[in-house]
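Participant: Structure supplied as upload_14.pdb; contents: PDB, C-alpha atoms, pLDDT in the B column.
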ATOM      1  CA  MET A  12     166.249 100.410  70.178  1.00 48.00           C
ATOM      2  CA  THR A  13     164.850 102.765  72.800  1.00 47.00           C
ATOM      3  CA  ASN A  14     161.672 104.679  72.069  1.00 48.00           C
ATOM      4  CA  ILE A  15     162.585 108.327  72.662  1.00 46.00           C
ATOM      5  CA  ALA A  16     159.066 109.326  73.721  1.00 48.00           C
ATOM      6  CA  ALA A  17     158.121 106.445  76.001  1.00 48.00           C
ATOM      7  CA  GLY A  18     158.622 106.670  79.730  1.00 50.00           C
ATOM      8  CA  THR A  19     160.324 110.055  79.776  1.00 52.00           C
ATOM      9  CA  PRO A  20     158.941 112.311  82.500  1.00 57.00           C
ATOM     10  CA  GLY A  21     158.191 115.858  81.477  1.00 61.00           C
ATOM     11  CA  LEU A  22     160.012 118.963  82.628  1.00 56.00           C
ATOM     12  CA  GLY A  23     156.947 120.050  84.603  1.00 60.00           C
ATOM     13  CA  GLN A  24     157.143 116.878  86.676  1.00 61.00           C
ATOM     14  CA  PHE A  25     160.821 117.509  87.385  1.00 55.00           C
ATOM     15  CA  ILE A  26     160.188 121.113  88.414  1.00 57.00           C
ATOM     16  CA  ALA A  27     157.302 120.103  90.674  1.00 58.00           C
ATOM     17  CA  GLY A  28     159.360 117.323  92.240  1.00 61.00           C
ATOM     18  CA  ALA A  29     162.453 119.470  92.679  1.00 53.00           C
ATOM     19  CA  ALA A  30     160.422 122.297  94.195  1.00 51.00           C
ATOM     20  CA  ALA A  31     158.593 119.943  96.560  1.00 55.00           C
ATOM     21  CA  THR A  32     161.775 118.266  97.801  1.00 54.00           C
ATOM     22  CA  GLY A  33     164.099 121.234  97.541  1.00 49.00           C
ATOM     23  CA  GLY A  34     166.000 119.306  94.895  1.00 47.00           C
ATOM     24  CA  ALA A  35     166.847 116.396  97.181  1.00 49.00           C
ATOM     25  CA  GLY A  36     167.456 113.091  95.439  1.00 48.00           C
ATOM     26  CA  GLY A  37     167.125 112.504  91.730  1.00 47.00           C
ATOM     27  CA  ILE A  38     169.928 112.164  89.235  1.00 46.00           C
ATOM     28  CA  ARG A  39     171.887 115.151  90.491  1.00 48.00           C
ATOM     29  CA  GLY A  40     170.820 114.978  94.130  1.00 50.00           C
ATOM     30  CA  GLY A  41     173.186 116.622  96.560  1.00 49.00           C
ATOM     31  CA  SER A  42     170.660 118.652  98.564  1.00 48.00           C
ATOM     32  CA  SER A  43     169.630 117.873 102.090  1.00 48.00           C
ATOM     33  CA  ALA A  44     166.105 118.234 103.436  1.00 45.00           C
ATOM     34  CA  GLY A  45     167.152 121.382 105.304  1.00 47.00           C
ATOM     35  CA  ASP A  46     168.756 122.913 102.217  1.00 55.00           C
ATOM     36  CA  ARG A  47     165.722 124.470 100.535  1.00 63.00           C
ATOM     37  CA  GLY A  48     166.573 126.393  97.397  1.00 71.00           C
ATOM     38  CA  SER A  49     164.632 128.876  95.367  1.00 83.00           C
ATOM     39  CA  TRP A  50     162.241 127.950  92.599  1.00 83.00           C
ATOM     40  CA  TYR A  51     164.912 129.255  90.197  1.00 86.00           C
ATOM     41  CA  GLU A  52     167.329 126.646  91.549  1.00 89.00           C
ATOM     42  CA  ALA A  53     164.574 124.020  91.272  1.00 89.00           C
ATOM     43  CA  MET A  54     164.061 124.993  87.642  1.00 91.00           C
ATOM     44  CA  SER A  55     167.807 124.702  87.029  1.00 91.00           C
ATOM     45  CA  ARG A  56     167.924 121.255  88.616  1.00 92.00           C
ATOM     46  CA  ALA A  57     164.876 120.195  86.625  1.00 94.00           C
ATOM     47  CA  TRP A  58     166.486 121.240  83.357  1.00 94.00           C
ATOM     48  CA  GLY A  59     169.675 119.440  84.379  1.00 95.00           C
ATOM     49  CA  GLN A  60     167.812 116.236  85.190  1.00 96.00           C
ATOM     50  CA  THR A  61     165.820 116.438  81.955  1.00 95.00           C
ATOM     51  CA  LEU A  62     168.943 116.975  79.867  1.00 96.00           C
ATOM     52  CA  ASP A  63     170.772 114.185  81.735  1.00 97.00           C
ATOM     53  CA  SER A  64     167.886 111.840  80.971  1.00 96.00           C
ATOM     54  CA  GLN A  65     167.920 112.687  77.268  1.00 96.00           C
ATOM     55  CA  ALA A  66     171.715 112.334  77.146  1.00 97.00           C
ATOM     56  CA  ALA A  67     171.358 108.835  78.612  1.00 97.00           C
ATOM     57  CA  VAL A  68     168.866 107.938  75.865  1.00 96.00           C
ATOM     58  CA  ILE A  69     171.297 109.167  73.205  1.00 97.00           C
ATOM     59  CA  THR A  70     174.199 107.280  74.817  1.00 96.00           C
ATOM     60  CA  ASP A  71     172.179 104.052  74.889  1.00 95.00           C
ATOM     61  CA  MET A  72     171.148 104.445  71.256  1.00 95.00           C
ATOM     62  CA  SER A  73     174.718 105.205  70.226  1.00 94.00           C
ATOM     63  CA  ALA A  74     176.023 102.144  72.077  1.00 94.00           C
ATOM     64  CA  SER A  75     173.412  99.992  70.368  1.00 92.00           C
ATOM     65  CA  ILE A  76     174.461 101.281  66.959  1.00 92.00           C
ATOM     66  CA  SER A  77     178.160 100.824  67.808  1.00 91.00           C
ATOM     67  CA  SER A  78     177.510  97.198  68.705  1.00 91.00           C
ATOM     68  CA  GLY A  79     176.184  96.443  65.233  1.00 87.00           C
ATOM     69  CA  SER A  80     172.579  97.610  65.160  1.00 80.00           C
ATOM     70  CA  ASP A  81     173.226 100.058  62.363  1.00 81.00           C
ATOM     71  CA  GLN A  82     169.907  99.810  60.549  1.00 91.00           C
ATOM     72  CA  PRO A  83     168.713 103.002  58.841  1.00 92.00           C
ATOM     73  CA  SER A  84     165.724 103.195  61.204  1.00 93.00           C
ATOM     74  CA  ASP A  85     168.088 103.116  64.195  1.00 92.00           C
ATOM     75  CA  MET A  86     170.176 105.911  62.692  1.00 93.00           C
ATOM     76  CA  VAL A  87     167.055 108.008  62.120  1.00 95.00           C
ATOM     77  CA  GLN A  88     165.945 107.471  65.725  1.00 95.00           C
ATOM     78  CA  LEU A  89     169.390 108.505  66.984  1.00 95.00           C
ATOM     79  CA  THR A  90     169.273 111.621  64.824  1.00 96.00           C
ATOM     80  CA  ALA A  91     165.802 112.448  66.153  1.00 97.00           C
ATOM     81  CA  ALA A  92     166.975 111.964  69.758  1.00 97.00           C
ATOM     82  CA  SER A  93     169.987 114.203  69.105  1.00 97.00           C
ATOM     83  CA  LEU A  94     167.805 116.905  67.602  1.00 97.00           C
ATOM     84  CA  LYS A  95     165.462 116.618  70.588  1.00 97.00           C
ATOM     85  CA  MET A  96     168.481 117.129  72.872  1.00 96.00           C
ATOM     86  CA  GLN A  97     169.491 120.212  70.886  1.00 97.00           C
ATOM     87  CA  PHE A  98     165.956 121.610  71.124  1.00 97.00           C
ATOM     88  CA  MET A  99     165.777 120.930  74.858  1.00 96.00           C
ATOM     89  CA  SER A 100     169.215 122.435  75.453  1.00 96.00           C
ATOM     90  CA  ASN A 101     168.314 125.599  73.555  1.00 97.00           C
ATOM     91  CA  ASN A 102     165.081 125.907  75.522  1.00 96.00           C
ATOM     92  CA  ALA A 103     166.897 125.360  78.808  1.00 95.00           C
ATOM     93  CA  ALA A 104     169.347 128.152  78.016  1.00 94.00           C
ATOM     94  CA  THR A 105     166.600 130.486  76.816  1.00 95.00           C
ATOM     95  CA  SER A 106     164.407 129.919  79.863  1.00 93.00           C
ATOM     96  CA  GLN A 107     167.339 130.298  82.263  1.00 92.00           C
ATOM     97  CA  ASN A 108     168.425 133.544  80.582  1.00 92.00           C
ATOM     98  CA  SER A 109     164.903 134.962  80.467  1.00 93.00           C
ATOM     99  CA  VAL A 110     164.137 134.183  84.093  1.00 90.00           C
ATOM    100  CA  GLY A 111     167.566 135.403  85.170  1.00 88.00           C
ATOM    101  CA  GLN A 112     167.071 138.716  83.374  1.00 90.00           C
ATOM    102  CA  ALA A 113     163.609 139.092  84.906  1.00 89.00           C
ATOM    103  CA  LEU A 114     164.980 138.456  88.385  1.00 86.00           C
ATOM    104  CA  GLU A 115     167.778 140.944  87.739  1.00 88.00           C
ATOM    105  CA  THR A 116     165.225 143.560  86.668  1.00 91.00           C
ATOM    106  CA  LEU A 117     163.172 142.913  89.802  1.00 88.00           C
ATOM    107  CA  GLY A 118     166.303 143.217  91.924  1.00 87.00           C
ATOM    108  CA  LYS A 119     167.107 146.632  90.479  1.00 87.00           C
ATOM    109  CA  ARG A 120     163.701 148.082  91.325  1.00 82.00           C
ATOM    110  CA  ASN A 121     163.417 150.166  94.470  1.00 60.00           C
TER     111      ASN A 121
END
Mind turning the file's structure into structure tokens?
Facilitator:
Amino acid sequence: MTNIAAGTPGLGQFIAGAAATGGAGGIRGGSSAGDRGSWYEAMSRAWGQTLDSQAAVITDMSASISSGSDQPSDMVQLTAASLKMQFMSNNAATSQNSVGQALETLGKRN
């Protein structure tokens, strides 16, 4: 079973990396070196990469359980990973909405 805490880079590392490279590379990739985005786009990519990473953990755990490793401890770990994904997803939406509203407010000022 995969340890849900071990080896998972933090969101701050993703944001710093996405901002430094303009989002080039990584799980989502798709940006060229000349295609520098805003820090808001870097934050969006960072959240996407973080959520993709957690989804991969959940998929691996689910596959392990489907293949016969259905011990109660495995089920509890899968539940914990799913709840972590829910928490992260809620925080991603909240941060995106908050920053978006702040940028909208700044854009309306003269």
Participant: Tell me, in Å to one decimal, how far atom CA of Thr105 of chain A is from atom CA of Ser49 of chain A.
Facilitator: 18.7 Å
Participant: Could you name the residues that touch Gly111 of chain A at 12 Å or less, counting all atoms listed in the file, but leaving out those on the same chain fewer than 4 positions away, as a PyMOL selection string?
Facilitator: chain A and resi 50-52+54-55+103-107+115-118
Participant: For the provided coordinates, the residues matched by the PyMOL selection byres ((chain A and resi 61-73) around 7) should be stated as a ChimeraX atom specification.
Facilitator: /A:12-13,22,57-60,74-77,89,92-93,96
Participant: Enter the distance from atom CA of Asn101 of chain A to atom CA of Leu114 of chain A, in Å, rounded to one decimal.
Facilitator: 19.9 Å
Participant: Using atom CA of Asn102 of chain A and atom CA of Pro83 of chain A as the two end points, give the distance in Å to one decimal.
Facilitator: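 Pair atom CA of Asn102 of chain A / atom CA of Pro83 of chain A returns 28.6 Å.
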